Amino acid sequence: MTVKEMAERYIKKMSKVLEDIEIAEYASLDQRRINEVIDEAKRYFEDAKYYLGRGHFETSLASIAYSEGLLDALRMLGLVKFEWG
């Protein structure tokens, strides 16, 4: 699989996750703070699409990986719910 194909695949998965993500009802942190992290993940997601469209596949892949990492951290802390497709 090429770097371009990997970036495209991860971007597609992230698009679905961002549609379905839910903040956990029992989240102990202020939901505004959780949303700030989700918004940051969305910015990296948009960066990934931007760089993919300009042929900067490695940068796109790095951006989408960072976006996924932010959401994974929230999920590991039990603050959001989603499934990777």
# chains A, B, ... in the order shown; residues from 1 in each chain; ligands from 1
$ residues_around --residues "region 2-7 of chain A" --least-positions-apart "3" --cutoff "9 Å" --atoms "only C-alpha atoms" --output "list in words"
Tyr10, Ile11, Lys12, Ala48, Lys49, Leu52, Gly55, His56, Phe57, Glu58, Ser60, Leu61, Ala62, Ile64 and Ala65 of chain A
$ residues_around --residues "Glu68 (chain A)" --least-positions-apart "2" --cutoff "10 Å" --atoms "only C-alpha atoms" --output "VMD selection string"
chain A and resid 10 to 11 13 to 14 17 41 to 42 44 to 45 62 to 66 70 to 73 84
$ write_last_selection --atoms "C-alpha atoms" --output "PDB file, in the first residue's frame"
ATOM      1  CA  TYR A  10      -7.345   6.810   7.227  1.00  0.00           C
ATOM      2  CA  ILE A  11      -9.083   9.996   6.099  1.00  0.00           C
ATOM      3  CA  LYS A  13     -12.222   6.197   8.465  1.00  0.00           C
ATOM      4  CA  MET A  14     -11.795   9.468  10.344  1.00  0.00           C
ATOM      5  CA  VAL A  17     -15.757   8.616  13.229  1.00  0.00           C
ATOM      6  CA  ALA A  41      -8.644  16.582  15.838  1.00  0.00           C
ATOM      7  CA  LYS A  42     -10.962  18.035  13.181  1.00  0.00           C
ATOM      8  CA  TYR A  44      -5.723  17.933  11.786  1.00  0.00           C
ATOM      9  CA  PHE A  45      -8.293  16.000   9.723  1.00  0.00           C
ATOM     10  CA  ALA A  62       1.168  12.400   9.659  1.00  0.00           C
ATOM     11  CA  SER A  63      -1.738  14.828  10.095  1.00  0.00           C
ATOM     12  CA  ILE A  64      -4.413  12.133  10.052  1.00  0.00           C
ATOM     13  CA  ALA A  65      -2.377   9.987  12.444  1.00  0.00           C
ATOM     14  CA  TYR A  66      -2.193  12.888  14.902  1.00  0.00           C
ATOM     15  CA  LEU A  70      -6.182  12.731  19.876  1.00  0.00           C
ATOM     16  CA  LEU A  71      -9.469  10.871  19.534  1.00  0.00           C
ATOM     17  CA  ASP A  72      -7.955   7.601  20.722  1.00  0.00           C
ATOM     18  CA  ALA A  73      -6.673   9.345  23.856  1.00  0.00           C
ATOM     19  CA  TRP A  84     -12.988   2.656  14.108  1.00  0.00           C
TER      20      TRP A  84
END
$ atom_distance --atom1 "CA of Lys81 (chain A)" --atom2 "CA of Tyr51 (chain A)"
27.9 Å
$ select_by_dssp --residues "chain A" --states "strand (DSSP E)" --output "PyMOL selection string"
chain A and resi 22-23+80-81
$ residues_around --residues "Ile21 (chain A)" --least-positions-apart "3" --cutoff "10 Å" --atoms "only C-alpha atoms" --output "compact mmCIF listing (two decimals) with all heavy atoms, in the first residue's frame"
# COMPACT_ATOMS: atom_id res chain seq x y z
N LYS A 16 -15.91 9.10 9.03
CA LYS A 16 -17.01 8.36 9.64
C LYS A 16 -17.01 8.54 11.16
O LYS A 16 -18.07 8.77 11.76
CB LYS A 16 -16.89 6.88 9.27
CG LYS A 16 -17.91 5.99 9.90
CD LYS A 16 -19.24 6.09 9.21
CE LYS A 16 -20.19 5.00 9.71
NZ LYS A 16 -21.35 5.51 10.37
N VAL A 17 -15.85 8.46 11.78
CA VAL A 17 -15.76 8.62 13.23
C VAL A 17 -16.24 10.00 13.65
O VAL A 17 -17.00 10.14 14.62
CB VAL A 17 -14.32 8.35 13.73
CG1 VAL A 17 -14.13 8.85 15.15
CG2 VAL A 17 -14.00 6.87 13.64
N LEU A 18 -15.84 11.03 12.93
CA LEU A 18 -16.24 12.39 13.30
C LEU A 18 -17.75 12.59 13.17
O LEU A 18 -18.32 13.42 13.87
CB LEU A 18 -15.47 13.41 12.47
CG LEU A 18 -13.99 13.53 12.82
CD1 LEU A 18 -13.29 14.45 11.83
CD2 LEU A 18 -13.80 14.04 14.25
N ALA A 24 -19.14 10.84 26.19
CA ALA A 24 -19.69 9.92 27.18
C ALA A 24 -20.51 10.69 28.21
O ALA A 24 -20.09 11.76 28.67
CB ALA A 24 -18.57 9.14 27.85
N ILE A 38 -11.66 17.57 20.42
CA ILE A 38 -12.31 17.08 19.21
C ILE A 38 -12.12 18.09 18.07
O ILE A 38 -11.82 17.71 16.94
CB ILE A 38 -13.80 16.78 19.45
CG1 ILE A 38 -13.95 15.60 20.41
CG2 ILE A 38 -14.52 16.51 18.13
CD1 ILE A 38 -15.37 15.37 20.91
N LEU A 71 -8.19 11.53 19.25
CA LEU A 71 -9.47 10.87 19.53
C LEU A 71 -9.28 9.57 20.30
O LEU A 71 -10.07 9.26 21.20
CB LEU A 71 -10.24 10.63 18.24
CG LEU A 71 -10.69 11.88 17.48
CD1 LEU A 71 -11.56 11.50 16.31
CD2 LEU A 71 -11.40 12.86 18.39
N ARG A 75 -10.90 8.51 23.92
CA ARG A 75 -11.62 7.24 24.08
C ARG A 75 -10.99 6.40 25.20
O ARG A 75 -11.71 5.81 26.00
CB ARG A 75 -11.62 6.46 22.77
CG ARG A 75 -12.48 5.21 22.85
CD ARG A 75 -12.62 4.55 21.53
NE ARG A 75 -11.31 4.11 21.06
CZ ARG A 75 -11.12 3.26 20.08
NH1 ARG A 75 -12.15 2.75 19.45
NH2 ARG A 75 -9.92 2.91 19.72
N VAL A 80 -15.12 9.83 25.37
CA VAL A 80 -15.92 9.77 24.15
C VAL A 80 -16.15 8.32 23.77
O VAL A 80 -15.43 7.42 24.24
CB VAL A 80 -15.26 10.52 22.96
CG1 VAL A 80 -15.11 12.00 23.24
CG2 VAL A 80 -13.92 9.90 22.59
N LYS A 81 -17.15 8.13 22.90
CA LYS A 81 -17.45 6.78 22.41
C LYS A 81 -17.47 6.81 20.89
O LYS A 81 -18.10 7.70 20.30
CB LYS A 81 -18.80 6.31 22.91
CG LYS A 81 -18.89 6.14 24.41
CD LYS A 81 -20.21 5.52 24.76
CE LYS A 81 -21.01 6.51 25.57
NZ LYS A 81 -22.32 6.02 25.98
N PHE A 82 -16.77 5.87 20.27
CA PHE A 82 -16.81 5.68 18.83
C PHE A 82 -16.10 4.37 18.52
O PHE A 82 -15.41 3.82 19.35
CB PHE A 82 -16.15 6.84 18.06
CG PHE A 82 -14.66 6.97 18.28
CD1 PHE A 82 -13.76 6.28 17.49
CD2 PHE A 82 -14.16 7.78 19.29
CE1 PHE A 82 -12.40 6.39 17.69
CE2 PHE A 82 -12.80 7.90 19.51
CZ PHE A 82 -11.91 7.21 18.70
N GLU A 83 -16.28 3.91 17.30
CA GLU A 83 -15.61 2.70 16.82
C GLU A 83 -14.90 3.02 15.53
O GLU A 83 -15.45 3.70 14.67
CB GLU A 83 -16.62 1.57 16.57
CG GLU A 83 -17.29 1.04 17.82
CD GLU A 83 -16.33 0.33 18.75
OE1 GLU A 83 -15.41 -0.35 18.24
OE2 GLU A 83 -16.49 0.45 19.98
$ closest_residue --among "A:Leu79, A:Asp20, A:Arg32, A:Thr59" --to "Glu46 (chain A)" --atoms "only C-alpha atoms"
A:Thr59
$ select_by_dssp --residues "chain A" --states "helix (DSSP H, G or I)" --output "number ranges by chain"
A: 3-20, 31-53, 57-76
